[in-house]
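Chemist: Would you mind keeping the following structure in view while I ask a few things?
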Amino acid sequence: MKEPKLYVQQPERALGGFLTDDAYAEAIQSFIIVCTDFVAVDRKRGVFYLAKRIVHSAEGIWLFGGRQRAGETTRESCVRLAKRELGLSLSPASFEYVTMMEERWSWRKLEPHDAGCHTLSHIFCIELSKEEITFAAAHLDPKEYDTTFGIQEFDRARIVAEAVYPRLVYLFDTIFHTV
């Protein structure tokens with residue numbers, strides 16, 4: 001899939017800000033939230049490197065990423081999230097655009113928990129070295145991930161066998177062209 005084109009009307013104008021928890025809960029129930037997610041892959045071996053998230057709404061075996069901030073490009077968001085969640089400093093060019101996915105979540109981590117949201121996620125993949133995977137596993141954000149689980153290899157059979165989110169089977173098939 002071709003990456004969406006970004007048009008910037010006034011590049012010097014800064015965007016972004018901070019919302020209170022109540023305002024954010026109201027916003028995510030009213031607007032579609034844009035996210036950038038990425039999966040580490042080994043194309044030669046046909047595997048994903050995944051971690052176990054410990055926060056809702058995406059609790060369980062998952063890829064990396066999160067909300068894109070206003071004024072940030074998708075690749076800048078991936079770089080920021082890789083630094084925060086994995087401790088890795090990566091180049092924006094190292095992220096390969098894959099597809100866009102849409103989700104509706106019924107609840108979330110922050111109060112109020114029942115303030116679900118609708119997200120639109122730009123999905124990227126990145127080929128990381130064994131050393132980078134080892135480093136990332138040792139630097140997983142403990143607020144987001146099960147650090148004892150670390151980062152593990154998942155081929156398609158393991159993704160299906162462990163009944164992870166169906167979105168990951170689709171993503172695997174898309175990246176590795178298995179369908």
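In the structure tokens, the first chain shown is A, the next is B, and so on; residue numbers restart at 1 for each chain, and ligands run from 1 in the order shown.
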Report as a list of chain:residue names all protein, DNA and RNA residues lying within 7 Å of Leu140 of chain A, evaluated on only C-alpha atoms, omitting residues in the same chain fewer than 3 positions from it.
Modeler: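 Surrounding residues, per the criterion: A:Glu85, A:Leu86, A:Ala136, A:Ala137, A:Tyr145, A:Thr147.
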Chemist: Take the selection from the previous step and output its residues with C-alpha atoms, as an mmCIF file, in the first residue's frame.
Modeler:
data_model
loop_
_atom_site.group_PDB
_atom_site.id
_atom_site.type_symbol
_atom_site.label_atom_id
_atom_site.label_comp_id
_atom_site.auth_asym_id
_atom_site.auth_seq_id
_atom_site.Cartn_x
_atom_site.Cartn_y
_atom_site.Cartn_z
ATOM 1 C CA GLU A 85 8.825 2.108 24.474
ATOM 2 C CA LEU A 86 12.053 0.348 23.427
ATOM 3 C CA ALA A 136 14.871 -3.259 23.070
ATOM 4 C CA ALA A 137 13.826 -6.286 25.139
ATOM 5 C CA TYR A 145 4.878 -4.080 28.602
ATOM 6 C CA THR A 147 9.257 -7.076 30.906
#
Chemist: With DSSP run on the backbone, what are the helix (DSSP H, G or I) residues within segment 59-140 of chain A? I'd like them as an mmCIF file with N, CA and C atoms, in the first residue's frame.
Modeler:
data_model
loop_
_atom_site.group_PDB
_atom_site.id
_atom_site.type_symbol
_atom_site.label_atom_id
_atom_site.label_comp_id
_atom_site.auth_asym_id
_atom_site.auth_seq_id
_atom_site.Cartn_x
_atom_site.Cartn_y
_atom_site.Cartn_z
ATOM 1 N N THR A 74 3.951 10.754 10.637
ATOM 2 C CA THR A 74 3.821 9.368 11.092
ATOM 3 C C THR A 74 5.180 8.787 11.437
ATOM 4 N N ARG A 75 6.177 9.075 10.642
ATOM 5 C CA ARG A 75 7.517 8.536 10.908
ATOM 6 C C ARG A 75 8.145 9.174 12.153
ATOM 7 N N GLU A 76 7.932 10.466 12.362
ATOM 8 C CA GLU A 76 8.412 11.111 13.594
ATOM 9 C C GLU A 76 7.749 10.462 14.811
ATOM 10 N N SER A 77 6.481 10.124 14.667
ATOM 11 C CA SER A 77 5.772 9.454 15.749
ATOM 12 C C SER A 77 6.387 8.084 16.026
ATOM 13 N N CYS A 78 6.693 7.323 14.970
ATOM 14 C CA CYS A 78 7.334 6.012 15.156
ATOM 15 C C CYS A 78 8.669 6.153 15.882
ATOM 16 N N VAL A 79 9.453 7.141 15.489
ATOM 17 C CA VAL A 79 10.759 7.373 16.117
ATOM 18 C C VAL A 79 10.580 7.688 17.606
ATOM 19 N N ARG A 80 9.646 8.581 17.922
ATOM 20 C CA ARG A 80 9.396 8.953 19.324
ATOM 21 C C ARG A 80 8.934 7.738 20.136
ATOM 22 N N LEU A 81 8.017 6.968 19.568
ATOM 23 C CA LEU A 81 7.481 5.811 20.282
ATOM 24 C C LEU A 81 8.516 4.710 20.447
ATOM 25 N N ALA A 82 9.383 4.511 19.447
ATOM 26 C CA ALA A 82 10.459 3.516 19.569
ATOM 27 C C ALA A 82 11.426 3.915 20.684
ATOM 28 N N LYS A 83 11.679 5.194 20.810
ATOM 29 C CA LYS A 83 12.568 5.682 21.881
ATOM 30 C C LYS A 83 11.909 5.480 23.246
ATOM 31 N N ARG A 84 10.637 5.836 23.363
ATOM 32 C CA ARG A 84 9.932 5.749 24.651
ATOM 33 C C ARG A 84 9.678 4.299 25.060
ATOM 34 N N GLU A 85 9.229 3.464 24.116
ATOM 35 C CA GLU A 85 8.825 2.108 24.474
ATOM 36 C C GLU A 85 9.957 1.095 24.453
ATOM 37 N N LEU A 86 10.991 1.340 23.613
ATOM 38 C CA LEU A 86 12.053 0.348 23.427
ATOM 39 C C LEU A 86 13.447 0.876 23.732
ATOM 40 N N PRO A 92 13.908 7.857 10.890
ATOM 41 C CA PRO A 92 12.559 7.804 10.310
ATOM 42 C C PRO A 92 12.513 6.966 9.023
ATOM 43 N N ALA A 93 13.580 6.994 8.262
ATOM 44 C CA ALA A 93 13.623 6.260 6.992
ATOM 45 C C ALA A 93 13.660 4.749 7.178
ATOM 46 N N SER A 94 13.992 4.281 8.387
ATOM 47 C CA SER A 94 14.070 2.836 8.617
ATOM 48 C C SER A 94 12.699 2.183 8.782
ATOM 49 N N LYS A 130 19.631 -8.367 15.553
ATOM 50 C CA LYS A 130 19.508 -9.156 16.789
ATOM 51 C C LYS A 130 19.928 -8.315 17.996
ATOM 52 N N GLU A 131 20.974 -7.502 17.820
ATOM 53 C CA GLU A 131 21.463 -6.651 18.911
ATOM 54 C C GLU A 131 20.399 -5.613 19.295
ATOM 55 N N GLU A 132 19.728 -5.040 18.300
ATOM 56 C CA GLU A 132 18.685 -4.060 18.590
ATOM 57 C C GLU A 132 17.492 -4.719 19.290
ATOM 58 N N ILE A 133 17.132 -5.934 18.875
ATOM 59 C CA ILE A 133 16.036 -6.654 19.524
ATOM 60 C C ILE A 133 16.396 -6.942 20.985
ATOM 61 N N THR A 134 17.626 -7.401 21.213
ATOM 62 C CA THR A 134 18.087 -7.688 22.574
ATOM 63 C C THR A 134 18.069 -6.417 23.427
ATOM 64 N N PHE A 135 18.564 -5.316 22.870
ATOM 65 C CA PHE A 135 18.566 -4.031 23.576
ATOM 66 C C PHE A 135 17.136 -3.601 23.889
ATOM 67 N N ALA A 136 16.264 -3.673 22.888
ATOM 68 C CA ALA A 136 14.871 -3.259 23.070
ATOM 69 C C ALA A 136 14.184 -4.096 24.144
ATOM 70 N N ALA A 137 14.429 -5.401 24.140
ATOM 71 C CA ALA A 137 13.826 -6.286 25.139
ATOM 72 C C ALA A 137 14.260 -5.894 26.549
ATOM 73 N N ALA A 138 15.504 -5.455 26.686
ATOM 74 C CA ALA A 138 16.029 -5.043 27.995
ATOM 75 C C ALA A 138 15.557 -3.651 28.399
#
Chemist: Once DSSP has gone over the backbone, tell me which residues of segment 18-115 of chain A are in strand (DSSP E or B), as a ChimeraX atom specification.
Modeler: /A:32-42,47-53,60-62,64-67,96-105
Chemist: Give me a file of those residues, with N, CA and C atoms, as a short mmCIF file (atom, residue, chain, number, x, y, z; two decimals), in the first residue's frame.
Modeler:
data_model
loop_
_atom_site.label_atom_id
_atom_site.label_comp_id
_atom_site.auth_asym_id
_atom_site.auth_seq_id
_atom_site.Cartn_x
_atom_site.Cartn_y
_atom_site.Cartn_z
N ILE A 32 -12.00 10.41 15.85
CA ILE A 32 -11.15 9.26 15.55
C ILE A 32 -9.73 9.64 15.91
N ILE A 33 -9.07 8.82 16.70
CA ILE A 33 -7.70 9.06 17.14
C ILE A 33 -6.74 8.40 16.15
N VAL A 34 -5.72 9.13 15.74
CA VAL A 34 -4.72 8.60 14.80
C VAL A 34 -3.54 8.05 15.58
N CYS A 35 -3.14 6.83 15.22
CA CYS A 35 -2.02 6.17 15.87
C CYS A 35 -0.98 5.76 14.84
N THR A 36 0.22 5.53 15.32
CA THR A 36 1.25 4.92 14.49
C THR A 36 1.74 3.70 15.25
N ASP A 37 1.66 2.57 14.59
CA ASP A 37 2.12 1.32 15.18
C ASP A 37 3.18 0.73 14.27
N PHE A 38 4.07 -0.05 14.86
CA PHE A 38 5.09 -0.70 14.05
C PHE A 38 5.41 -2.07 14.62
N VAL A 39 5.82 -2.95 13.71
CA VAL A 39 6.20 -4.30 14.11
C VAL A 39 7.62 -4.54 13.64
N ALA A 40 8.43 -5.11 14.52
CA ALA A 40 9.79 -5.50 14.15
C ALA A 40 9.69 -6.85 13.43
N VAL A 41 10.41 -6.98 12.33
CA VAL A 41 10.33 -8.19 11.52
C VAL A 41 11.71 -8.72 11.17
N ASP A 42 11.76 -9.99 10.85
CA ASP A 42 12.92 -10.60 10.20
C ASP A 42 12.36 -11.21 8.92
N VAL A 47 9.42 -13.85 10.52
CA VAL A 47 8.92 -13.73 11.89
C VAL A 47 8.68 -12.27 12.28
N PHE A 48 7.74 -12.11 13.20
CA PHE A 48 7.51 -10.85 13.89
C PHE A 48 8.22 -10.95 15.23
N TYR A 49 8.61 -9.82 15.77
CA TYR A 49 9.07 -9.71 17.15
C TYR A 49 8.01 -8.91 17.90
N LEU A 50 7.36 -9.57 18.86
CA LEU A 50 6.23 -8.97 19.57
C LEU A 50 6.47 -9.01 21.07
N ALA A 51 5.76 -8.13 21.75
CA ALA A 51 5.84 -8.06 23.21
C ALA A 51 4.44 -8.24 23.77
N LYS A 52 4.35 -8.33 25.09
CA LYS A 52 3.06 -8.48 25.75
C LYS A 52 2.73 -7.18 26.46
N ARG A 53 1.71 -6.51 25.95
CA ARG A 53 1.25 -5.26 26.58
C ARG A 53 0.48 -5.59 27.85
N GLY A 60 -2.19 -7.79 25.95
CA GLY A 60 -1.86 -9.07 25.35
C GLY A 60 -0.72 -8.93 24.35
N ILE A 61 -0.51 -9.95 23.53
CA ILE A 61 0.56 -9.95 22.54
C ILE A 61 0.26 -8.87 21.51
N TRP A 62 1.24 -8.00 21.29
CA TRP A 62 0.96 -6.82 20.47
C TRP A 62 2.23 -6.28 19.83
N PHE A 64 4.23 -2.51 18.59
CA PHE A 64 4.63 -1.32 19.34
C PHE A 64 3.97 -0.09 18.74
N GLY A 65 3.91 0.97 19.51
CA GLY A 65 3.38 2.22 18.98
C GLY A 65 2.35 2.84 19.88
N GLY A 66 1.62 3.78 19.30
CA GLY A 66 0.61 4.50 20.07
C GLY A 66 0.12 5.72 19.34
N ARG A 67 -0.42 6.64 20.10
CA ARG A 67 -1.05 7.83 19.53
C ARG A 67 -0.02 8.74 18.86
N GLU A 96 9.16 1.19 7.35
CA GLU A 96 8.53 0.93 6.05
C GLU A 96 7.02 0.93 6.22
N TYR A 97 6.34 1.79 5.47
CA TYR A 97 4.88 1.86 5.56
C TYR A 97 4.27 0.58 5.02
N VAL A 98 3.28 0.04 5.73
CA VAL A 98 2.63 -1.21 5.33
C VAL A 98 1.18 -0.99 4.94
N THR A 99 0.39 -0.45 5.87
CA THR A 99 -1.04 -0.31 5.63
C THR A 99 -1.65 0.61 6.67
N MET A 100 -2.95 0.77 6.58
CA MET A 100 -3.70 1.51 7.58
C MET A 100 -4.78 0.57 8.11
N MET A 101 -5.00 0.59 9.41
CA MET A 101 -6.03 -0.23 10.03
C MET A 101 -6.92 0.63 10.91
N GLU A 102 -8.13 0.16 11.10
CA GLU A 102 -9.11 0.88 11.89
C GLU A 102 -9.62 -0.04 13.00
N GLU A 103 -9.72 0.49 14.21
CA GLU A 103 -10.21 -0.28 15.34
C GLU A 103 -11.22 0.53 16.14
N ARG A 104 -12.12 -0.18 16.77
CA ARG A 104 -13.02 0.44 17.75
C ARG A 104 -12.82 -0.31 19.05
N TRP A 105 -12.34 0.42 20.03
CA TRP A 105 -12.05 -0.15 21.35
C TRP A 105 -13.19 0.22 22.29
#
Chemist: Which residue, A:Ala157, A:Asp141, A:Gln9, A:Thr20, has the smallest gap to Gly87 of chain A when you use only C-alpha atoms?
Modeler: A:Asp141
Chemist: Using only C-alpha atoms, which residue out of A:Arg43, A:Arg156, A:Lys5, A:His122 lies closest to Tyr170 of chain A?
Modeler: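 That would be A:Arg156, the residue with the smallest distance to Tyr170 of chain A.
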